[in-house]
Amino acid sequence: MGKFDNERDVQLMLRVNEGDSEAMTQLYEIYHKPILNFFYQLVWNKEKAEDYMQEVFLRVWKVNNYQPTGKFSTWVFQIAKNFWLNEREKMQRRPSHFSMDEEKSSDDGENFSTEVEGDESTPQEKLLNSELQSKIKEAIDNLSDKHKVVYLLSEYHGFKYQDIADIVGIPVGTVKSRMSNAEKELRRML
């Protein structure tokens, strides 16, 4: 979380409210990879993750009454989480012939977040990592949505429990409980 600077990000967003496209570009540069990785870890589909990420930034750009009442990173991840929940709800309302498995792409098993961050492993390490990532991806995918979101925000995006509580809109104790349950379930599956 080191590259998030709340004071800087709030000032940039206040400039975005005034129509400053350069400030929007700066916010995009700071947040697009974390938001993209968050979506990828939820849907395991690169194209959907990119589309969802772009939708979030469109919404950020369209906000015209931003008030800095909390951390900016929490606010932008709330937008991402809410967008994802809305998309999930739409998919669940589709006719029953649509399978949630269609949401997943036939990726080569590489984790998109690794691709975004860069990977300079040997071919053998890549193969082992790919197999391990595939098992981890499958286990995380089998978590319930409420456990998956909390787990991803904590373990992959480095949010503290209070920030996760603010993003998800639940008490800190519930975040701790969901994390504990998610970790137990992942241990059981792996």
# chains A, B, ... in the order shown; residues from 1 in each chain; ligands from 1
call {"tool": "residues_around", "arguments": {"residues": "range 37-40 of chain A", "least_positions_apart": "2", "cutoff": "9 Å", "atoms": "only C-alpha atoms", "output": "PyMOL selection string"}}
result
chain A and resi 32-35+42-50+52-53+77+80-81+84+111-113+116+149+152-153+156-157
call {"tool": "atom_distance", "arguments": {"atom1": "CA of Thr174 in chain A", "atom2": "CA of Phe4 in chain A"}}
result
25.1 Å
call {"tool": "closest_residue", "arguments": {"among": "A:Lys160, A:Arg178, A:Lys62, A:Lys3", "to": "Met24 in chain A", "atoms": "only C-alpha atoms"}}
result
A:Lys62
call {"tool": "closest_residue", "arguments": {"among": "A:Glu131, A:Glu7, A:His147, A:Gln162", "to": "Lys184 in chain A", "atoms": "only C-alpha atoms"}}
result
A:His147
call {"tool": "closest_residue", "arguments": {"among": "A:Val16, A:Met179, A:Val168, A:Leu27", "to": "Glu155 in chain A", "atoms": "only C-alpha atoms"}}
result
A:Met179
call {"tool": "atom_distance", "arguments": {"atom1": "CA of Leu12 in chain A", "atom2": "CA of Ser73 in chain A"}}
result
12.2 Å
call {"tool": "closest_residue", "arguments": {"among": "A:Val76, A:Val56, A:Ile164, A:Ala182", "to": "Asp145 in chain A", "atoms": "only C-alpha atoms"}}
result
A:Ala182
call {"tool": "residues_around", "arguments": {"residues": "Asn181 in chain A", "least_positions_apart": "2", "cutoff": "12 Å", "atoms": "only C-alpha atoms", "output": "short mmCIF file (atom, residue, chain, number, x, y, z; two decimals) with all heavy atoms, in the first residue's frame"}}
result
data_model
loop_
_atom_site.label_atom_id
_atom_site.label_comp_id
_atom_site.auth_asym_id
_atom_site.auth_seq_id
_atom_site.Cartn_x
_atom_site.Cartn_y
_atom_site.Cartn_z
N LEU A 143 -14.32 -19.80 -2.58
CA LEU A 143 -14.79 -19.09 -1.40
C LEU A 143 -16.11 -18.39 -1.73
O LEU A 143 -16.35 -18.02 -2.88
CB LEU A 143 -13.78 -18.03 -0.95
CG LEU A 143 -12.45 -18.50 -0.38
CD1 LEU A 143 -11.52 -17.31 -0.16
CD2 LEU A 143 -12.66 -19.26 0.92
N SER A 144 -16.93 -18.17 -0.72
CA SER A 144 -18.15 -17.39 -0.94
C SER A 144 -17.73 -15.96 -1.29
O SER A 144 -16.62 -15.52 -0.96
CB SER A 144 -19.01 -17.39 0.32
OG SER A 144 -18.38 -16.63 1.34
N LYS A 146 -18.58 -13.10 -0.05
CA LYS A 146 -18.27 -12.23 1.09
C LYS A 146 -16.89 -12.56 1.67
O LYS A 146 -16.17 -11.67 2.10
CB LYS A 146 -19.36 -12.30 2.15
CG LYS A 146 -19.54 -13.65 2.80
CD LYS A 146 -20.71 -13.65 3.76
CE LYS A 146 -20.84 -15.00 4.44
NZ LYS A 146 -22.00 -15.04 5.32
N HIS A 147 -16.50 -13.82 1.65
CA HIS A 147 -15.17 -14.20 2.14
C HIS A 147 -14.09 -13.85 1.13
O HIS A 147 -13.00 -13.42 1.49
CB HIS A 147 -15.13 -15.70 2.47
CG HIS A 147 -15.95 -16.05 3.66
ND1 HIS A 147 -17.16 -16.68 3.58
CD2 HIS A 147 -15.74 -15.84 5.00
CE1 HIS A 147 -17.66 -16.86 4.79
NE2 HIS A 147 -16.81 -16.35 5.67
N LYS A 148 -14.41 -14.04 -0.16
CA LYS A 148 -13.44 -13.76 -1.22
C LYS A 148 -13.04 -12.29 -1.23
O LYS A 148 -11.84 -11.96 -1.30
CB LYS A 148 -14.03 -14.15 -2.57
CG LYS A 148 -13.05 -14.04 -3.72
CD LYS A 148 -13.67 -14.25 -5.09
CE LYS A 148 -14.45 -15.50 -5.24
NZ LYS A 148 -14.94 -15.71 -6.62
N VAL A 150 -13.18 -10.00 1.17
CA VAL A 150 -12.39 -9.66 2.36
C VAL A 150 -10.98 -10.22 2.24
O VAL A 150 -9.99 -9.52 2.49
CB VAL A 150 -13.11 -10.17 3.64
CG1 VAL A 150 -12.18 -10.09 4.85
CG2 VAL A 150 -14.38 -9.36 3.89
N TYR A 151 -10.86 -11.47 1.81
CA TYR A 151 -9.56 -12.11 1.69
C TYR A 151 -8.68 -11.38 0.66
O TYR A 151 -7.51 -11.09 0.92
CB TYR A 151 -9.73 -13.58 1.30
CG TYR A 151 -8.42 -14.32 1.23
CD1 TYR A 151 -7.79 -14.77 2.38
CD2 TYR A 151 -7.79 -14.53 0.01
CE1 TYR A 151 -6.57 -15.43 2.32
CE2 TYR A 151 -6.57 -15.19 -0.06
CZ TYR A 151 -5.97 -15.63 1.09
OH TYR A 151 -4.75 -16.27 1.03
N THR A 174 -16.57 -8.38 12.06
CA THR A 174 -17.06 -9.24 10.98
C THR A 174 -15.97 -9.48 9.95
O THR A 174 -15.84 -10.58 9.41
CB THR A 174 -18.32 -8.62 10.32
OG1 THR A 174 -19.29 -8.37 11.34
CG2 THR A 174 -18.91 -9.54 9.27
N VAL A 175 -15.16 -8.45 9.68
CA VAL A 175 -14.02 -8.62 8.77
C VAL A 175 -13.09 -9.68 9.32
O VAL A 175 -12.66 -10.59 8.60
CB VAL A 175 -13.27 -7.28 8.55
CG1 VAL A 175 -11.97 -7.52 7.79
CG2 VAL A 175 -14.14 -6.28 7.84
N LYS A 176 -12.75 -9.58 10.61
CA LYS A 176 -11.85 -10.55 11.24
C LYS A 176 -12.43 -11.96 11.16
O LYS A 176 -11.72 -12.91 10.84
CB LYS A 176 -11.60 -10.18 12.70
CG LYS A 176 -10.77 -8.93 12.88
CD LYS A 176 -10.61 -8.57 14.35
CE LYS A 176 -9.83 -7.27 14.52
NZ LYS A 176 -9.74 -6.90 15.94
N SER A 177 -13.71 -12.08 11.42
CA SER A 177 -14.38 -13.38 11.37
C SER A 177 -14.35 -13.95 9.94
O SER A 177 -14.03 -15.13 9.75
CB SER A 177 -15.82 -13.23 11.85
OG SER A 177 -16.54 -14.41 11.65
N ARG A 178 -14.64 -13.10 8.95
CA ARG A 178 -14.63 -13.57 7.56
C ARG A 178 -13.23 -13.96 7.12
O ARG A 178 -13.05 -14.92 6.39
CB ARG A 178 -15.21 -12.50 6.63
CG ARG A 178 -16.71 -12.37 6.78
CD ARG A 178 -17.30 -11.39 5.82
NE ARG A 178 -18.73 -11.22 6.06
CZ ARG A 178 -19.50 -10.37 5.40
NH1 ARG A 178 -18.98 -9.61 4.44
NH2 ARG A 178 -20.77 -10.28 5.68
N MET A 179 -12.22 -13.20 7.57
CA MET A 179 -10.84 -13.55 7.23
C MET A 179 -10.48 -14.89 7.83
O MET A 179 -9.88 -15.75 7.18
CB MET A 179 -9.87 -12.48 7.73
CG MET A 179 -9.55 -11.40 6.74
SD MET A 179 -8.84 -12.00 5.19
CE MET A 179 -7.22 -12.52 5.73
N GLU A 183 -9.49 -18.14 5.65
CA GLU A 183 -8.21 -18.82 5.81
C GLU A 183 -8.40 -20.29 6.17
O GLU A 183 -7.70 -21.16 5.63
CB GLU A 183 -7.37 -18.11 6.87
CG GLU A 183 -6.85 -16.76 6.40
CD GLU A 183 -6.21 -15.93 7.50
OE1 GLU A 183 -6.42 -16.25 8.70
OE2 GLU A 183 -5.53 -14.95 7.15
N LYS A 184 -9.35 -20.59 7.06
CA LYS A 184 -9.63 -21.98 7.41
C LYS A 184 -10.11 -22.76 6.18
O LYS A 184 -9.66 -23.89 5.95
CB LYS A 184 -10.70 -22.05 8.51
CG LYS A 184 -10.22 -21.67 9.87
CD LYS A 184 -11.37 -21.68 10.87
CE LYS A 184 -10.94 -21.07 12.19
NZ LYS A 184 -12.07 -20.89 13.10
N GLU A 185 -10.98 -22.15 5.41
CA GLU A 185 -11.52 -22.82 4.22
C GLU A 185 -10.42 -23.04 3.18
O GLU A 185 -10.33 -24.11 2.56
CB GLU A 185 -12.67 -21.99 3.64
CG GLU A 185 -13.41 -22.66 2.52
CD GLU A 185 -14.12 -23.95 2.92
OE1 GLU A 185 -14.36 -24.17 4.13
OE2 GLU A 185 -14.43 -24.74 2.02
N LEU A 186 -9.55 -22.05 3.00
CA LEU A 186 -8.44 -22.21 2.04
C LEU A 186 -7.48 -23.30 2.49
O LEU A 186 -7.02 -24.10 1.67
CB LEU A 186 -7.71 -20.87 1.84
CG LEU A 186 -8.47 -19.82 1.06
CD1 LEU A 186 -7.75 -18.50 1.12
CD2 LEU A 186 -8.70 -20.25 -0.38
N ARG A 187 -7.17 -23.33 3.79
CA ARG A 187 -6.29 -24.40 4.30
C ARG A 187 -6.91 -25.77 4.04
O ARG A 187 -6.22 -26.70 3.65
CB ARG A 187 -6.04 -24.21 5.80
CG ARG A 187 -4.87 -23.30 6.12
CD ARG A 187 -4.34 -23.43 7.53
NE ARG A 187 -5.15 -22.93 8.60
CZ ARG A 187 -5.42 -21.66 8.86
NH1 ARG A 187 -4.97 -20.73 8.10
NH2 ARG A 187 -6.16 -21.31 9.89
N ARG A 188 -8.21 -25.86 4.27
CA ARG A 188 -8.91 -27.11 4.04
C ARG A 188 -8.83 -27.52 2.55
O ARG A 188 -8.55 -28.67 2.23
CB ARG A 188 -10.37 -27.01 4.48
CG ARG A 188 -11.14 -28.32 4.40
CD ARG A 188 -12.62 -28.15 4.61
NE ARG A 188 -13.27 -27.38 3.57
CZ ARG A 188 -13.54 -27.83 2.34
NH1 ARG A 188 -13.20 -29.03 1.99
NH2 ARG A 188 -14.14 -27.05 1.47
#
call {"tool": "atom_distance", "arguments": {"atom1": "CA of Lys135 in chain A", "atom2": "CA of Tyr31 in chain A"}}
result
27.4 Å
call {"tool": "residues_around", "arguments": {"residues": "Asn17 in chain A", "least_positions_apart": "6", "cutoff": "9 Å", "atoms": "only C-alpha atoms", "output": "compact mmCIF listing (two decimals) with all heavy atoms, in the first residue's frame"}}
result
# COMPACT_ATOMS: atom_id res chain seq x y z
N TRP A 61 -14.43 9.64 -12.72
CA TRP A 61 -14.37 10.85 -13.54
C TRP A 61 -15.70 11.61 -13.48
O TRP A 61 -15.74 12.83 -13.45
CB TRP A 61 -14.02 10.50 -14.98
CG TRP A 61 -14.05 11.67 -15.91
CD1 TRP A 61 -14.94 11.91 -16.91
CD2 TRP A 61 -13.14 12.78 -15.95
NE1 TRP A 61 -14.65 13.08 -17.55
CE2 TRP A 61 -13.54 13.64 -16.99
CE3 TRP A 61 -12.02 13.12 -15.19
CZ2 TRP A 61 -12.87 14.82 -17.29
CZ3 TRP A 61 -11.34 14.30 -15.50
CH2 TRP A 61 -11.77 15.14 -16.53
N LYS A 62 -16.82 10.87 -13.43
CA LYS A 62 -18.15 11.49 -13.46
C LYS A 62 -18.58 12.05 -12.11
O LYS A 62 -19.54 12.82 -12.04
CB LYS A 62 -19.19 10.48 -13.94
CG LYS A 62 -19.05 10.15 -15.40
CD LYS A 62 -20.09 9.14 -15.82
CE LYS A 62 -19.96 8.80 -17.29
NZ LYS A 62 -20.95 7.78 -17.70
N VAL A 63 -17.88 11.67 -11.03
CA VAL A 63 -18.25 12.19 -9.71
C VAL A 63 -18.01 13.70 -9.73
O VAL A 63 -16.95 14.17 -10.11
CB VAL A 63 -17.39 11.53 -8.60
CG1 VAL A 63 -17.55 12.26 -7.28
CG2 VAL A 63 -17.77 10.07 -8.46
N ASN A 64 -19.02 14.44 -9.31
CA ASN A 64 -18.84 15.90 -9.31
C ASN A 64 -19.04 16.52 -7.94
O ASN A 64 -19.06 17.71 -7.79
CB ASN A 64 -19.78 16.57 -10.33
CG ASN A 64 -21.24 16.26 -10.06
OD1 ASN A 64 -21.56 15.70 -9.02
ND2 ASN A 64 -22.10 16.61 -10.98
N ASN A 65 -19.20 15.66 -6.93
CA ASN A 65 -19.39 16.18 -5.58
C ASN A 65 -18.60 15.38 -4.56
O ASN A 65 -19.06 15.14 -3.47
CB ASN A 65 -20.88 16.17 -5.23
CG ASN A 65 -21.47 14.76 -5.29
OD1 ASN A 65 -20.84 13.83 -5.80
ND2 ASN A 65 -22.67 14.60 -4.76
N TYR A 66 -17.38 15.00 -4.94
CA TYR A 66 -16.53 14.22 -4.03
C TYR A 66 -16.25 15.01 -2.76
O TYR A 66 -15.87 16.18 -2.80
CB TYR A 66 -15.21 13.86 -4.73
CG TYR A 66 -14.20 13.23 -3.81
CD1 TYR A 66 -14.35 11.92 -3.40
CD2 TYR A 66 -13.11 13.95 -3.35
CE1 TYR A 66 -13.42 11.33 -2.54
CE2 TYR A 66 -12.17 13.37 -2.50
CZ TYR A 66 -12.35 12.06 -2.11
OH TYR A 66 -11.43 11.49 -1.25
